[in-house]
$ cat my_file21.cif   # mmCIF, C-alpha atoms and all ligand atoms
data_model
loop_
_atom_site.label_atom_id
_atom_site.label_comp_id
_atom_site.auth_asym_id
_atom_site.auth_seq_id
_atom_site.Cartn_x
_atom_site.Cartn_y
_atom_site.Cartn_z
CA MET A 1 0.00 0.00 0.00
CA GLU A 2 2.78 2.41 0.84
CA THR A 3 5.91 3.42 -0.98
CA PRO A 4 8.49 5.52 0.86
CA ASP A 5 7.26 8.85 -0.46
CA SER A 6 3.57 8.16 -0.82
CA LYS A 7 0.87 8.38 1.80
CA PRO A 8 -1.14 5.22 2.46
CA THR A 9 -4.43 5.24 0.57
CA TYR A 10 -6.20 3.40 3.36
CA ARG A 11 -4.96 2.86 6.86
CA GLY A 12 -7.44 1.95 9.54
CA ARG A 13 -7.30 0.74 13.09
CA PHE A 14 -9.04 -0.88 16.03
CA ALA A 15 -8.42 0.85 19.34
CA PRO A 16 -9.70 -1.20 22.28
CA SER A 17 -9.51 -0.05 25.89
CA PRO A 18 -8.15 -2.93 28.01
CA THR A 19 -10.87 -2.79 30.65
CA GLY A 20 -11.82 -6.46 30.25
CA PRO A 21 -12.04 -9.23 27.65
CA LEU A 22 -13.44 -8.53 24.17
CA HIS A 23 -17.23 -8.76 24.14
CA PHE A 24 -19.73 -8.83 21.29
CA GLY A 25 -19.82 -5.01 21.02
CA SER A 26 -16.06 -4.57 20.84
CA LEU A 27 -15.78 -7.46 18.39
CA VAL A 28 -18.28 -5.68 16.11
CA ALA A 29 -15.95 -2.65 16.01
CA ALA A 30 -12.93 -4.89 15.42
CA VAL A 31 -14.56 -6.86 12.59
CA GLY A 32 -16.19 -3.78 10.99
CA SER A 33 -12.93 -1.82 10.91
CA TYR A 34 -10.99 -4.89 9.74
CA LEU A 35 -13.36 -5.73 6.87
CA ASP A 36 -13.61 -2.14 5.68
CA ALA A 37 -9.81 -1.80 5.66
CA ARG A 38 -9.09 -5.12 3.96
CA HIS A 39 -11.91 -4.71 1.44
CA HIS A 40 -10.22 -1.48 0.32
CA GLY A 41 -6.81 -3.17 0.20
CA GLY A 42 -5.82 -1.19 3.30
CA GLU A 43 -3.72 -1.72 6.37
CA TRP A 44 -5.31 -2.45 9.72
CA LEU A 45 -3.50 -1.59 12.93
CA VAL A 46 -4.25 -2.15 16.59
CA ARG A 47 -3.77 0.48 19.26
CA MET A 48 -4.21 -0.36 22.92
CA GLU A 49 -5.89 2.55 24.68
CA ASP A 50 -4.33 1.89 28.07
CA LEU A 51 -4.26 5.49 29.22
CA ASP A 52 -6.47 5.14 32.22
CA PRO A 53 -4.78 2.84 34.76
CA PRO A 54 -7.67 2.95 37.30
CA ARG A 55 -10.03 1.46 34.70
CA GLU A 56 -7.66 -1.19 33.43
CA VAL A 57 -7.76 -4.86 34.24
CA PRO A 58 -4.35 -6.55 34.52
CA GLY A 59 -3.80 -8.95 31.64
CA ALA A 60 -6.73 -7.58 29.59
CA ALA A 61 -4.51 -6.13 26.83
CA THR A 62 -2.74 -9.45 26.20
CA ASP A 63 -6.01 -11.26 26.44
CA ILE A 64 -7.64 -8.97 23.83
CA LEU A 65 -4.75 -9.47 21.41
CA ARG A 66 -4.88 -13.25 21.82
CA THR A 67 -8.62 -13.21 21.22
CA LEU A 68 -8.24 -11.10 18.05
CA GLU A 69 -5.74 -13.64 16.71
CA ARG A 70 -8.00 -16.54 17.54
CA TYR A 71 -10.79 -14.81 15.62
CA GLY A 72 -8.51 -14.51 12.57
CA LEU A 73 -8.15 -10.73 12.92
CA HIS A 74 -4.44 -10.33 12.14
CA TRP A 75 -3.11 -6.78 12.33
CA ASP A 76 -0.27 -5.03 10.52
CA GLY A 77 2.84 -3.79 12.28
CA GLU A 78 3.44 -3.41 15.98
CA VAL A 79 0.66 -2.81 18.47
CA VAL A 80 0.83 0.77 19.77
CA TYR A 81 0.34 1.27 23.53
CA GLN A 82 -0.88 4.68 24.56
CA SER A 83 0.84 4.27 27.91
CA HIS A 84 4.19 4.54 26.08
CA ARG A 85 3.36 7.76 24.30
CA SER A 86 3.25 10.44 27.02
CA ALA A 87 6.03 12.47 25.37
CA GLU A 88 3.96 12.85 22.18
CA TYR A 89 0.89 13.92 24.16
CA GLN A 90 2.95 16.38 26.15
CA ALA A 91 4.34 17.87 22.91
CA ALA A 92 0.79 18.34 21.60
CA LEU A 93 -0.27 20.02 24.86
CA GLU A 94 2.73 22.34 24.65
CA ARG A 95 1.91 23.25 21.09
CA LEU A 96 -1.72 24.05 21.96
CA ASP A 97 -0.56 26.03 24.96
CA ALA A 98 2.01 28.00 22.94
CA ASP A 99 -0.81 28.92 20.55
CA GLY A 100 -2.87 30.23 23.48
CA ARG A 101 -5.52 27.55 23.13
CA LEU A 102 -5.41 26.13 26.67
CA TYR A 103 -6.28 27.34 30.11
CA GLY A 104 -6.10 25.84 33.58
CA CYS A 105 -9.41 25.00 35.20
CA ALA A 106 -9.93 24.79 38.95
CA CYS A 107 -13.52 23.54 38.88
CA THR A 108 -14.44 20.28 40.54
CA ARG A 109 -16.92 17.92 38.92
CA ARG A 110 -19.40 18.94 41.58
CA GLU A 111 -19.07 22.65 40.86
CA ILE A 112 -19.52 22.06 37.15
CA ALA A 113 -22.55 19.84 37.70
CA ASP A 114 -24.12 22.56 39.86
CA ASN A 115 -23.71 25.26 37.20
CA ALA A 116 -23.79 23.52 33.85
CA LEU A 117 -26.37 22.54 31.30
CA PRO A 118 -26.41 19.09 29.72
CA GLY A 119 -24.68 18.99 26.32
CA GLN A 120 -23.61 16.50 23.66
CA GLY A 121 -20.40 15.50 25.42
CA GLY A 122 -21.68 15.40 29.00
CA THR A 123 -22.32 18.76 30.64
CA ILE A 124 -21.42 22.00 28.87
CA TYR A 125 -18.61 23.68 30.75
CA PRO A 126 -19.96 27.08 31.82
CA GLY A 127 -16.63 28.84 31.25
CA THR A 128 -15.95 29.69 34.90
CA CYS A 129 -12.12 29.67 34.57
CA ARG A 130 -11.92 30.84 30.96
CA GLU A 131 -10.73 34.34 31.81
CA GLY A 132 -8.46 33.24 34.67
CA LEU A 133 -8.62 31.22 37.86
CA PRO A 134 -10.79 32.54 40.67
CA ASP A 135 -8.71 33.94 43.57
CA GLY A 136 -7.01 31.37 45.72
CA ARG A 137 -7.85 28.45 43.42
CA LYS A 138 -5.36 26.12 41.72
CA ALA A 139 -5.66 24.63 38.25
CA ARG A 140 -6.69 20.99 38.27
CA ALA A 141 -7.32 20.23 34.61
CA LEU A 142 -6.40 21.85 31.30
CA ARG A 143 -9.16 22.82 28.91
CA VAL A 144 -9.05 23.83 25.27
CA ARG A 145 -10.98 26.94 24.25
CA VAL A 146 -13.59 26.26 21.62
CA ASP A 147 -15.21 28.80 19.36
CA THR A 148 -18.50 29.32 17.61
CA THR A 149 -17.45 27.74 14.30
CA GLU A 150 -19.73 24.94 13.16
CA VAL A 151 -17.77 21.65 12.83
CA ASN A 152 -19.35 19.55 10.07
CA PHE A 153 -18.39 16.16 8.79
CA ASN A 154 -19.96 13.56 6.59
CA ASP A 155 -19.98 10.16 8.23
CA GLY A 156 -19.70 7.19 5.86
CA LEU A 157 -22.77 5.61 7.41
CA GLN A 158 -24.57 8.06 9.68
CA GLY A 159 -24.61 10.92 7.15
CA SER A 160 -23.80 14.52 7.89
CA SER A 161 -23.23 15.65 11.45
CA SER A 162 -22.61 19.04 12.82
CA GLN A 163 -21.75 20.60 16.17
CA GLN A 164 -21.11 24.11 17.24
CA LEU A 165 -18.69 23.31 20.03
CA GLY A 166 -19.23 26.55 21.91
CA ARG A 167 -22.96 25.89 22.11
CA ASP A 168 -23.12 22.09 22.23
CA VAL A 169 -20.03 21.00 24.18
CA GLY A 170 -18.12 23.92 25.71
CA ASP A 171 -14.40 24.18 26.41
CA PHE A 172 -13.31 20.58 26.95
CA VAL A 173 -10.65 18.86 29.02
CA VAL A 174 -7.42 17.79 27.32
CA ARG A 175 -5.49 17.01 30.50
CA ARG A 176 -7.46 15.64 33.39
CA ALA A 177 -7.24 16.58 37.06
CA ASP A 178 -5.41 13.28 37.72
CA ASN A 179 -2.78 14.45 35.21
CA LEU A 180 -3.74 11.88 32.59
CA VAL A 181 -4.16 13.10 29.05
CA ALA A 182 -7.78 13.02 27.93
CA TYR A 183 -8.99 10.48 25.37
CA GLN A 184 -9.95 13.25 22.88
CA LEU A 185 -6.39 14.49 22.61
CA ALA A 186 -4.65 11.10 22.70
CA VAL A 187 -6.78 9.72 19.89
CA VAL A 188 -6.04 12.71 17.65
CA VAL A 189 -2.29 12.59 18.31
CA ASP A 190 -2.16 8.83 17.73
CA ASP A 191 -4.33 8.72 14.61
CA ALA A 192 -2.19 11.49 13.10
CA ALA A 193 1.13 9.88 14.10
CA ARG A 194 0.22 6.68 12.26
CA GLN A 195 -1.36 8.55 9.33
CA MET A 196 -4.76 6.98 9.74
CA THR A 197 -6.95 7.69 6.74
CA HIS A 198 -10.16 5.90 7.82
CA ILE A 199 -11.70 5.58 11.27
CA VAL A 200 -14.36 2.88 11.63
CA ARG A 201 -15.67 2.64 15.20
CA GLY A 202 -18.83 2.58 17.32
CA ALA A 203 -21.47 5.29 17.00
CA ASP A 204 -21.14 6.04 20.71
CA LEU A 205 -18.15 8.13 19.56
CA LEU A 206 -20.06 10.08 16.91
CA ASP A 207 -20.55 13.03 19.27
CA SER A 208 -16.82 13.04 20.10
CA THR A 209 -15.79 13.35 16.47
CA PRO A 210 -16.31 17.14 16.14
CA ARG A 211 -14.04 17.66 19.17
CA GLN A 212 -11.43 15.48 17.52
CA ILE A 213 -11.75 17.33 14.20
CA TYR A 214 -11.40 20.62 16.08
CA LEU A 215 -8.17 19.39 17.72
CA GLN A 216 -6.89 18.14 14.34
CA ARG A 217 -7.36 21.64 12.97
CA LEU A 218 -5.58 23.26 15.92
CA LEU A 219 -2.69 20.82 15.59
CA GLY A 220 -2.56 21.14 11.80
CA VAL A 221 -3.05 17.43 11.06
CA PRO A 222 -5.37 15.88 8.45
CA THR A 223 -8.91 14.76 9.20
CA PRO A 224 -9.51 11.11 8.29
CA ALA A 225 -12.76 9.71 6.86
CA TYR A 226 -15.18 8.47 9.54
CA LEU A 227 -17.69 5.65 9.60
CA HIS A 228 -19.57 5.04 12.83
CA LEU A 229 -21.04 1.56 13.20
CA PRO A 230 -24.19 0.79 15.18
CA VAL A 231 -23.35 -0.02 18.79
CA ALA A 232 -24.55 -3.31 20.29
CA ILE A 233 -26.96 -2.69 23.17
CA ASN A 234 -28.69 -4.87 25.75
CA THR A 235 -32.41 -5.17 26.45
CA THR A 236 -32.42 -1.97 28.51
CA GLY A 237 -30.73 0.01 25.76
CA GLU A 238 -27.29 0.18 27.35
CA LYS A 239 -24.08 -0.29 25.39
CA LEU A 240 -22.56 -3.71 26.03
CA GLY A 241 -19.53 -3.48 28.22
CA LYS A 242 -17.98 -4.42 31.46
CA GLN A 243 -20.45 -2.39 33.53
CA THR A 244 -23.42 -3.99 31.80
CA GLY A 245 -22.07 -7.49 32.36
CA ALA A 246 -21.43 -8.36 28.70
CA ARG A 247 -20.17 -11.88 28.16
CA GLY A 248 -16.43 -12.10 27.44
CA LEU A 249 -15.60 -13.78 24.12
CA ASP A 250 -12.13 -14.92 25.13
CA THR A 251 -13.32 -18.48 25.58
CA ALA A 252 -16.18 -18.50 23.04
CA ASP A 253 -15.92 -20.36 19.76
CA PRO A 254 -15.13 -17.98 16.86
CA VAL A 255 -16.85 -20.34 14.43
CA THR A 256 -20.23 -19.56 16.00
CA VAL A 257 -19.55 -15.96 17.06
CA LEU A 258 -18.21 -14.54 13.77
CA PRO A 259 -21.37 -15.30 11.74
CA ASP A 260 -23.39 -13.51 14.45
CA VAL A 261 -21.12 -10.47 14.13
CA LEU A 262 -21.53 -10.48 10.33
CA ARG A 263 -25.31 -10.75 10.74
CA PHE A 264 -25.24 -7.84 13.20
CA LEU A 265 -23.34 -5.87 10.53
CA ARG A 266 -26.04 -6.94 8.02
CA GLN A 267 -23.48 -8.61 5.76
CA GLU A 268 -24.11 -11.61 3.57
CA LEU A 269 -23.01 -15.02 4.77
CA PRO A 270 -21.60 -17.71 2.48
CA GLN A 271 -23.96 -20.52 1.61
CA SER A 272 -21.46 -23.09 2.64
CA THR A 273 -22.24 -26.64 3.60
CA GLY A 274 -20.29 -26.54 6.82
CA PRO A 275 -18.78 -24.14 9.33
CA LEU A 276 -15.77 -22.21 8.07
CA ALA A 277 -12.57 -21.52 9.95
CA PRO A 278 -12.33 -17.84 11.08
CA GLU A 279 -9.78 -16.91 8.40
CA GLU A 280 -11.86 -18.54 5.65
CA LEU A 281 -15.04 -16.79 6.73
CA LEU A 282 -13.24 -13.44 7.02
CA GLU A 283 -11.70 -13.91 3.57
CA TRP A 284 -15.20 -14.31 2.16
CA ALA A 285 -16.51 -11.40 4.21
CA ILE A 286 -13.69 -9.10 3.02
CA GLU A 287 -14.60 -9.77 -0.58
CA HIS A 288 -18.33 -9.23 0.01
CA TRP A 289 -18.09 -6.35 2.53
CA ASP A 290 -20.61 -3.65 1.76
CA SER A 291 -21.01 -0.95 4.39
CA ALA A 292 -24.07 0.35 2.52
CA ARG A 293 -25.94 -2.73 3.79
CA LEU A 294 -25.76 -1.34 7.30
CA HIS A 295 -28.62 0.90 8.34
CA ALA A 296 -27.74 4.37 9.57
CA VAL A 297 -28.72 3.66 13.15
CA ARG A 298 -26.65 4.38 16.23
CA THR A 299 -27.62 1.24 18.12
CA ARG A 300 -28.84 -2.31 17.48
CA PRO A 301 -29.76 -4.98 20.02
CA ALA A 302 -27.10 -7.66 20.46
CA PRO A 303 -28.19 -11.31 20.22
CA ALA A 304 -29.33 -12.52 23.66
CA GLU A 305 -26.53 -15.03 24.16
CA TYR A 306 -23.91 -12.24 24.34
CA LEU A 307 -25.56 -10.22 27.05
CA GLY A 308 -24.12 -12.18 29.97
CA ASN A 309 -25.89 -12.12 33.28
N1 LIG B 1 -10.89 3.06 23.03
C1 LIG B 1 -12.18 3.48 22.56
C2 LIG B 1 -13.21 2.47 23.00
O1 LIG B 1 -12.85 1.34 23.33
C3 LIG B 1 -12.24 3.58 21.05
C4 LIG B 1 -11.58 4.79 20.56
C5 LIG B 1 -11.66 5.03 19.06
O2 LIG B 1 -11.91 4.10 18.29
O3 LIG B 1 -11.44 6.17 18.68
O4 LIG B 1 -14.37 2.79 23.04
#
$ encode --input "my_file21.cif" --output "structure tokens"
Amino acid sequence: METPDSKPTYRGRFAPSPTGPLHFGSLVAAVGSYLDARHHGGEWLVRMEDLDPPREVPGAATDILRTLERYGLHWDGEVVYQSHRSAEYQAALERLDADGRLYGCACTRREIADNALPGQGGTIYPGTCREGLPDGRKARALRVRVDTTEVNFNDGLQGSSSQQLGRDVGDFVVRRADNLVAYQLAVVVDDAARQMTHIVRGADLLDSTPRQIYLQRLLGVPTPAYLHLPVAINTTGEKLGKQTGARGLDTADPVTVLPDVLRFLRQELPQSTGPLAPEELLEWAIEHWDSARLHAVRTRPAPAEYLGN
């Protein structure tokens, strides 16, 4: 795909957070991003989003990688670990700061909750510390100033989306009070560093995308193409995950699970006489991948057997 002086024409990725074993919902994002990349002759990389030690489960990263391999999802190149990339995040923070885009914020979660309106990325920060810290208060987090420009993008599945960050989100955190870099910044720095051209991920991140595009513009890096897949939900409408008790797929049989993932993604299945090995089924699915078969919905119920207890 890539010659020394050309940019890749398609480079995609799967970026799991190692908070537990892969479950049906995360496998949907893995398979969707993999098939879209391979169908377009692209590269597919894996990035471990292990930036948040309190939320991590020891061994989960290794376990996720082993599960991906068992499901026939073989990635290109080395796995990137966000925990090894603090210098790059720091450089991005310094650049934003040098451009006058950041300010220290002393507000606690409680204070914000008491004064803020709900917005598209949680509560809308009311701007308390925007013009300077109140007397006697110390900065806890760093926020990026947003403006009133409309951020528009055309999602490959969900259609056109638009946010006016000042109105819908407010100045957002790029370095948290616990000193960890925020997801929004890390993802932009990492996608740019590896020259990602296509981001295929769950629609729970659709509302984060304008913030990421805004940071891309401030940092002067390209905006990739986006396609946000429907997110697998349980019977009460919650996203499958550790908190909702989703069943881990580390011990499940890929031969039965992969066809369910393809059905969830509304893809055709081969009319074969017997079960196919993961690699064989994926080979077929790469050839027949058609993202237009997916409906532009943000959520879809997961099959009952993946909901756990
Ligand atoms: N780590 C994020 C998650 O597991 C995905 C981030 C992304 O794809 O941009 O939800």
$ residues_near_ligand --input "my_file21.cif" --ligand "ligand LIG 1 (chain B)" --cutoff "9 Å" --atoms "only C-alpha atoms and all ligand atoms" --output "list in words"
Arg13, Phe14, Ala15, Pro16, Ser17, Pro18, Thr19, Ser26, Ala29, Arg47, Met48, Glu49, Asp50, Tyr183, Gln184, Val187, Val188, Asp191, Ile199, Val200, Arg201, Gly202, Asp204, Leu205, Ser208 and Thr209 of chain A
$ residues_near_point --input "my_file21.cif" --point "(-4.8, 11.8, 18.7)" --cutoff "12 Å" --atoms "only C-alpha atoms" --output "PyMOL selection string"
chain A and resi 15+47+49+82+85-86+88-93+174+181-196+199+209+211-224
$ closest_atom_pairs --input "my_file21.cif" --of "stretch 30-135 of chain A" --to "stretch 267-279 of chain A" --cutoff "12 Å" --atoms "only C-alpha atoms" --output "JSON lines"
{"residue": "A:Val31", "atom": "CA", "partner": "A:Pro278", "partner_atom": "CA", "distance": 11.3}
{"residue": "A:Gly32", "atom": "CA", "partner": "A:Gln267", "partner_atom": "CA", "distance": 10.2}
{"residue": "A:Leu35", "atom": "CA", "partner": "A:Gln267", "partner_atom": "CA", "distance": 10.6}
{"residue": "A:Asp36", "atom": "CA", "partner": "A:Gln267", "partner_atom": "CA", "distance": 11.8}
{"residue": "A:Thr67", "atom": "CA", "partner": "A:Pro278", "partner_atom": "CA", "distance": 11.7}
{"residue": "A:Leu68", "atom": "CA", "partner": "A:Pro278", "partner_atom": "CA", "distance": 10.5}
{"residue": "A:Glu69", "atom": "CA", "partner": "A:Pro278", "partner_atom": "CA", "distance": 9.6}
{"residue": "A:Arg70", "atom": "CA", "partner": "A:Pro278", "partner_atom": "CA", "distance": 7.9}
{"residue": "A:Tyr71", "atom": "CA", "partner": "A:Pro278", "partner_atom": "CA", "distance": 5.7}
{"residue": "A:Gly72", "atom": "CA", "partner": "A:Glu279", "partner_atom": "CA", "distance": 5.0}
{"residue": "A:Leu73", "atom": "CA", "partner": "A:Glu279", "partner_atom": "CA", "distance": 7.8}
{"residue": "A:His74", "atom": "CA", "partner": "A:Glu279", "partner_atom": "CA", "distance": 9.3}
$ atom_distance --input "my_file21.cif" --atom1 "atom CA of A:Leu133" --atom2 "atom CA of A:Glu111"
13.8 Å
$ residues_near_point --input "my_file21.cif" --point "(-20.1, 26.4, 21.3)" --cutoff "7 Å" --atoms "all atoms listed in the file" --output "list in words"
Val146, Asp147, Thr148, Gln164, Leu165, Gly166, Arg167, Asp168, Val169 and Gly170 of chain A
$ atom_distance --input "my_file21.cif" --atom1 "atom CA of A:Asp260" --atom2 "atom CA of A:Ala302"
9.2 Å
$ residues_around --input "my_file21.cif" --residues "A:Arg176" --least-positions-apart "4" --cutoff "9 Å" --atoms "all atoms listed in the file" --output "short mmCIF file (atom, residue, chain, number, x, y, z; two decimals) with C-alpha atoms, in the frame of the given file"
data_model
loop_
_atom_site.label_atom_id
_atom_site.label_comp_id
_atom_site.auth_asym_id
_atom_site.auth_seq_id
_atom_site.Cartn_x
_atom_site.Cartn_y
_atom_site.Cartn_z
CA ARG A 140 -6.69 20.99 38.27
CA ALA A 141 -7.32 20.23 34.61
CA LEU A 142 -6.40 21.85 31.30
CA ARG A 143 -9.16 22.82 28.91
CA LEU A 180 -3.74 11.88 32.59
CA VAL A 181 -4.16 13.10 29.05
CA ALA A 182 -7.78 13.02 27.93
#
$ closest_residue --input "my_file21.cif" --among "A:Leu51, A:Thr108, A:Leu229, A:Gln158" --to "A:His84" --atoms "all atoms listed in the file"
A:Leu51
$ atom_distance --input "my_file21.cif" --atom1 "atom CA of A:Ala225" --atom2 "atom CA of A:Phe153"
8.8 Å
$ closest_residue --input "my_file21.cif" --among "A:Asp63, A:Asp155, A:Asp290, A:Glu280" --to "A:Leu22" --atoms "all atoms listed in the file"
A:Asp63
$ closest_residue --input "my_file21.cif" --among "A:Pro21, A:Gly41, A:Gly121, A:Gly245" --to "A:Glu56" --atoms "all atoms listed in the file"
A:Pro21
$ axis_aligned_box --input "my_file21.cif" --around "stretch 229-233 of chain A" --padding-each-side "3 Å" --output "lines of an AutoDock Vina configuration file"
center_x = -24.0
center_y = -0.9
center_z = 18.2
size_x = 11.9
size_y = 10.9
size_z = 16.0
$ closest_residue --input "my_file21.cif" --among "A:Ser161, A:Ala113, A:Ala246, A:Glu43" --to "A:Pro303" --atoms "all atoms listed in the file"
A:Ala246
$ residues_around --input "my_file21.cif" --residues "A:Arg38" --least-positions-apart "2" --cutoff "10 Å" --atoms "only C-alpha atoms" --output "mmCIF file with C-alpha atoms, in the coordinates of the input"
data_model
loop_
_atom_site.group_PDB
_atom_site.id
_atom_site.type_symbol
_atom_site.label_atom_id
_atom_site.label_comp_id
_atom_site.auth_asym_id
_atom_site.auth_seq_id
_atom_site.Cartn_x
_atom_site.Cartn_y
_atom_site.Cartn_z
ATOM 1 C CA TYR A 10 -6.200 3.400 3.360
ATOM 2 C CA ARG A 11 -4.960 2.860 6.860
ATOM 3 C CA GLY A 12 -7.440 1.950 9.540
ATOM 4 C CA SER A 33 -12.930 -1.820 10.910
ATOM 5 C CA TYR A 34 -10.990 -4.890 9.740
ATOM 6 C CA LEU A 35 -13.360 -5.730 6.870
ATOM 7 C CA ASP A 36 -13.610 -2.140 5.680
ATOM 8 C CA HIS A 40 -10.220 -1.480 0.320
ATOM 9 C CA GLY A 41 -6.810 -3.170 0.200
ATOM 10 C CA GLY A 42 -5.820 -1.190 3.300
ATOM 11 C CA GLU A 43 -3.720 -1.720 6.370
ATOM 12 C CA TRP A 44 -5.310 -2.450 9.720
ATOM 13 C CA LEU A 282 -13.240 -13.440 7.020
ATOM 14 C CA GLU A 283 -11.700 -13.910 3.570
ATOM 15 C CA ALA A 285 -16.510 -11.400 4.210
ATOM 16 C CA ILE A 286 -13.690 -9.100 3.020
ATOM 17 C CA GLU A 287 -14.600 -9.770 -0.580
ATOM 18 C CA TRP A 289 -18.090 -6.350 2.530
#
$ decode --input "my_file21.cif" --residues "stretch 241-260 of chain A" --atoms "N, CA and C atoms" --output "compact mmCIF listing (two decimals), in the first residue's frame"
# COMPACT_ATOMS: atom_id res chain seq x y z
N GLY A 241 -20.84 -3.81 27.67
CA GLY A 241 -19.53 -3.48 28.22
C GLY A 241 -19.38 -4.13 29.56
N LYS A 242 -18.28 -3.80 30.18
CA LYS A 242 -17.98 -4.42 31.46
C LYS A 242 -19.07 -4.10 32.50
N GLN A 243 -19.47 -2.81 32.52
CA GLN A 243 -20.45 -2.39 33.53
C GLN A 243 -21.80 -3.07 33.31
N THR A 244 -22.11 -3.39 32.05
CA THR A 244 -23.42 -3.99 31.80
C THR A 244 -23.32 -5.52 31.75
N GLY A 245 -22.20 -6.04 32.20
CA GLY A 245 -22.07 -7.49 32.36
C GLY A 245 -22.02 -8.27 31.05
N ALA A 246 -21.48 -7.64 29.98
CA ALA A 246 -21.43 -8.36 28.70
C ALA A 246 -20.55 -9.60 28.84
N ARG A 247 -20.93 -10.64 28.11
CA ARG A 247 -20.17 -11.88 28.16
C ARG A 247 -18.82 -11.72 27.43
N GLY A 248 -17.75 -12.15 28.07
CA GLY A 248 -16.43 -12.10 27.44
C GLY A 248 -16.34 -13.16 26.35
N LEU A 249 -15.67 -12.82 25.23
CA LEU A 249 -15.60 -13.78 24.12
C LEU A 249 -14.25 -14.50 24.06
N ASP A 250 -13.46 -14.32 25.12
CA ASP A 250 -12.13 -14.92 25.13
C ASP A 250 -12.18 -16.44 25.07
N THR A 251 -13.25 -17.02 25.60
CA THR A 251 -13.32 -18.48 25.58
C THR A 251 -14.39 -18.99 24.60
N ALA A 252 -15.10 -18.06 23.95
CA ALA A 252 -16.18 -18.50 23.04
C ALA A 252 -15.59 -19.01 21.73
N ASP A 253 -16.39 -19.76 21.00
CA ASP A 253 -15.92 -20.36 19.76
C ASP A 253 -16.12 -19.39 18.58
N PRO A 254 -15.01 -18.93 17.97
CA PRO A 254 -15.13 -17.98 16.86
C PRO A 254 -16.03 -18.48 15.74
N VAL A 255 -16.07 -19.77 15.54
CA VAL A 255 -16.85 -20.34 14.43
C VAL A 255 -18.35 -20.04 14.60
N THR A 256 -18.82 -19.93 15.83
CA THR A 256 -20.23 -19.56 16.00
C THR A 256 -20.39 -18.05 16.18
N VAL A 257 -19.39 -17.39 16.77
CA VAL A 257 -19.55 -15.96 17.06
C VAL A 257 -19.42 -15.10 15.79
N LEU A 258 -18.45 -15.41 14.94
CA LEU A 258 -18.21 -14.54 13.77
C LEU A 258 -19.44 -14.40 12.85
N PRO A 259 -20.16 -15.49 12.56
CA PRO A 259 -21.37 -15.30 11.74
C PRO A 259 -22.38 -14.37 12.42
N ASP A 260 -22.47 -14.42 13.75
CA ASP A 260 -23.39 -13.51 14.45
C ASP A 260 -22.94 -12.06 14.29
